[in-house]
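Chemist: Once you've had a glance at the structure underneath, I'll fire off some questions.
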Amino acid sequence: MIKVGVLSLQGAVPEHVLAIRNALKMKNQEGEVLQVRDNSDLTEIDCLIIPGGESTTIGKLLKRFDMYEPIRDLASAGIPIMGTCAGCILMAKEGDLDVKRTRTELLGLMDMRVSRNSFGRQKESFESSLKIEGLDEEFPAVFIRGPIIEEVGRGCIPLAEIDGTKVMVKQDNLLALSFHPELSRDARVHRMFLDMVSKT
Ligand code: GLN
């Protein structure tokens, strides 16, 4: 049985919990979701989702609960981690000026540079039918003040783009998305993530 952790300090937590349950059903796989609130929860999980929300706030809470190093250790141990939106920002090695100005510490797991809020304000949120590498049909991707993945290094492979801008990338056991897959009634991205667990 697989145990999926969802970092539950701030942000779109219940939506990810639901999407994982739906993906488990799609795969006909037994599993449970654990809402990760501190380091002791991290020792129990087979994979981790870092949700969208506010990267500044999630960063402060990660610091307060001393969770940076243990999450970095999980990543180096090959545990799959998926960061969505704010989570995508935290996964990056490098952030833009706004990330620096807000002194947000990044986990620095993925070889990429991100730029916060680069798809506009809340009212400029949009949905886009996205061609994702590995999925047969397009995915209805929801963008809410998402980051742009500006540049990636070797080993960080783009899986989806909008007008030439990277919005989903994979590096070994790590996945980062500018959008919110948990807000679409479509669990295929979560299923893709669960597939990474059985492969590691
Ligand atoms: N703009 C947010 C940030 O920088 C991310 C938005 C989101 O997760 N929906 O953290």
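Letters A, B, ... go to the chains of the structure tokens in the order shown; residues in each chain start at 1; ligands are counted from 1 in the same order.
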Enumerate as a PyMOL selection string the residues within 7 Å of ligand 1, counting only C-alpha atoms and all ligand atoms.

Modeler: chain A and resi 52-56+84-87+89+116-117+144-147

Chemist: What's the 10 Å shell around Gly83 (chain A), counting only C-alpha atoms, without same-chain residues fewer than 6 positions away, as a list in words?

Modeler: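 The contact residues come out as Leu7, Leu48, Ile49, Ile50, Pro51, Gly52, Ile89, Leu90, Met91, Ala92, Met168, Leu174, Leu175, Ala176, Leu177, Ser178, Phe179 and His180 of chain A.
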
Chemist: Selected residues, C-alpha atoms, written as a JSON list (two decimals), in the first residue's frame, please.

Modeler:
```json
[["chain", "number", "residue", "atom", "x", "y", "z"],
["A", 7, "LEU", "CA", 2.35, 19.17, 2.64],
["A", 48, "LEU", "CA", 5.12, 14.14, -1.42],
["A", 49, "ILE", "CA", 3.03, 16.89, -2.97],
["A", 50, "ILE", "CA", 3.87, 20.54, -2.29],
["A", 51, "PRO", "CA", 0.67, 22.42, -3.11],
["A", 52, "GLY", "CA", -0.08, 25.86, -4.49],
["A", 89, "ILE", "CA", 8.55, 27.91, -7.02],
["A", 90, "LEU", "CA", 9.83, 26.22, -3.88],
["A", 91, "MET", "CA", 11.23, 23.28, -5.89],
["A", 92, "ALA", "CA", 13.50, 25.57, -7.94],
["A", 168, "MET", "CA", 5.63, 21.54, -16.51],
["A", 174, "LEU", "CA", 10.81, 15.45, -9.27],
["A", 175, "LEU", "CA", 7.90, 17.12, -11.03],
["A", 176, "ALA", "CA", 7.05, 20.83, -11.11],
["A", 177, "LEU", "CA", 3.96, 22.48, -12.60],
["A", 178, "SER", "CA", 3.04, 26.17, -12.98],
["A", 179, "PHE", "CA", -0.64, 25.24, -12.89],
["A", 180, "HIS", "CA", -3.09, 23.57, -10.49]]
```

Chemist: Interatomic distance between CA of Glu69 (chain A) and CA of Arg21 (chain A)?

Modeler: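 Rounded to one decimal, the two atoms are 28.1 Å apart.
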
Chemist: Within 7 Å of Leu9 (chain A), counting only C-alpha atoms, which residues show up once you throw out same-chain ones fewer than 4 positions away? Write them as JSON, numbers by chain, please.

Modeler: {"A": [37, 58, 61]}

Chemist: For Lys131 (chain A), find every residue with an atom within 8 Å (counting only C-alpha atoms), except residues of its own chain fewer than 3 positions away, and show them as a list in words.

Modeler: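 Once the nearby chain positions are removed, what remains is Leu135, Glu137, Glu138, Phe139, Ala160 and Glu161 of chain A.
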
Chemist: I need the residue nearest Val36 (chain A) from this list: A:Phe65, A:Phe126, A:Phe143, A:Phe119. Use only C-alpha atoms for the distance.

Modeler: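 Looking only at the distances to Val36 (chain A), the closest residue turns out to be A:Phe65.
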
Chemist: Among region 83-126 of chain A, which residues carry a DSSP assignment of helix (DSSP H, G or I), reported as number ranges by chain?

Modeler: A: 86-91, 97-101, 122-124

Chemist: Choose the residue, out of A:Ser8, A:Thr102, A:Ser118, A:Ser198, that has the smallest atom-to-atom separation from Asn39 (chain A); count only C-alpha atoms.

Modeler: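 Counting only C-alpha atoms, the residue closest to Asn39 (chain A) is A:Ser8.
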
Chemist: Neighbours of Gln35 (chain A) within 12 Å (only C-alpha atoms; same-chain residues fewer than 3 positions away dropped), as a CSV table (one decimal) with C-alpha atoms, in the first residue's frame?

Modeler:
```csv
chain,number,residue,atom,x,y,z
A,3,LYS,CA,1.3,6.4,1.4
A,4,VAL,CA,1.0,9.8,-0.3
A,5,GLY,CA,2.0,12.9,1.7
A,6,VAL,CA,0.5,16.3,1.0
A,7,LEU,CA,2.3,19.2,2.6
A,8,SER,CA,-0.4,20.8,4.7
A,9,LEU,CA,1.0,24.0,6.0
A,10,GLN,CA,-0.9,26.4,3.7
A,12,ALA,CA,-4.7,24.0,-1.8
A,13,VAL,CA,-4.5,20.9,0.4
A,14,PRO,CA,-8.0,19.3,0.3
A,15,GLU,CA,-8.1,19.5,-3.5
A,16,HIS,CA,-4.9,17.5,-3.8
A,17,VAL,CA,-6.1,15.0,-1.2
A,18,LEU,CA,-9.2,14.4,-3.4
A,20,ILE,CA,-4.9,11.6,-5.2
A,32,GLU,CA,-3.8,6.5,1.7
A,38,ASP,CA,5.8,18.2,10.6
A,39,ASN,CA,9.0,16.2,10.1
A,40,SER,CA,7.7,13.1,11.8
A,41,ASP,CA,5.0,12.8,9.1
A,42,LEU,CA,7.8,12.9,6.4
A,44,GLU,CA,6.1,7.8,6.7
A,45,ILE,CA,5.5,8.7,3.1
A,47,CYS,CA,5.9,10.5,-2.2
A,48,LEU,CA,5.1,14.1,-1.4
A,49,ILE,CA,3.0,16.9,-3.0
A,50,ILE,CA,3.9,20.5,-2.3
A,51,PRO,CA,0.7,22.4,-3.1
```

Chemist: Show which residues sit within 9 Å of Pro70 (chain A), as an NGL selection string. Count only C-alpha atoms, and ignore same-chain residues fewer than 3 positions away.

Modeler: :A and (39 or 42-43 or 66-67 or 73-75)

Chemist: Which distance in Å separates CA of Glu151 (chain A) and CA of Ile81 (chain A), to one decimal?

Modeler: 19.8 Å
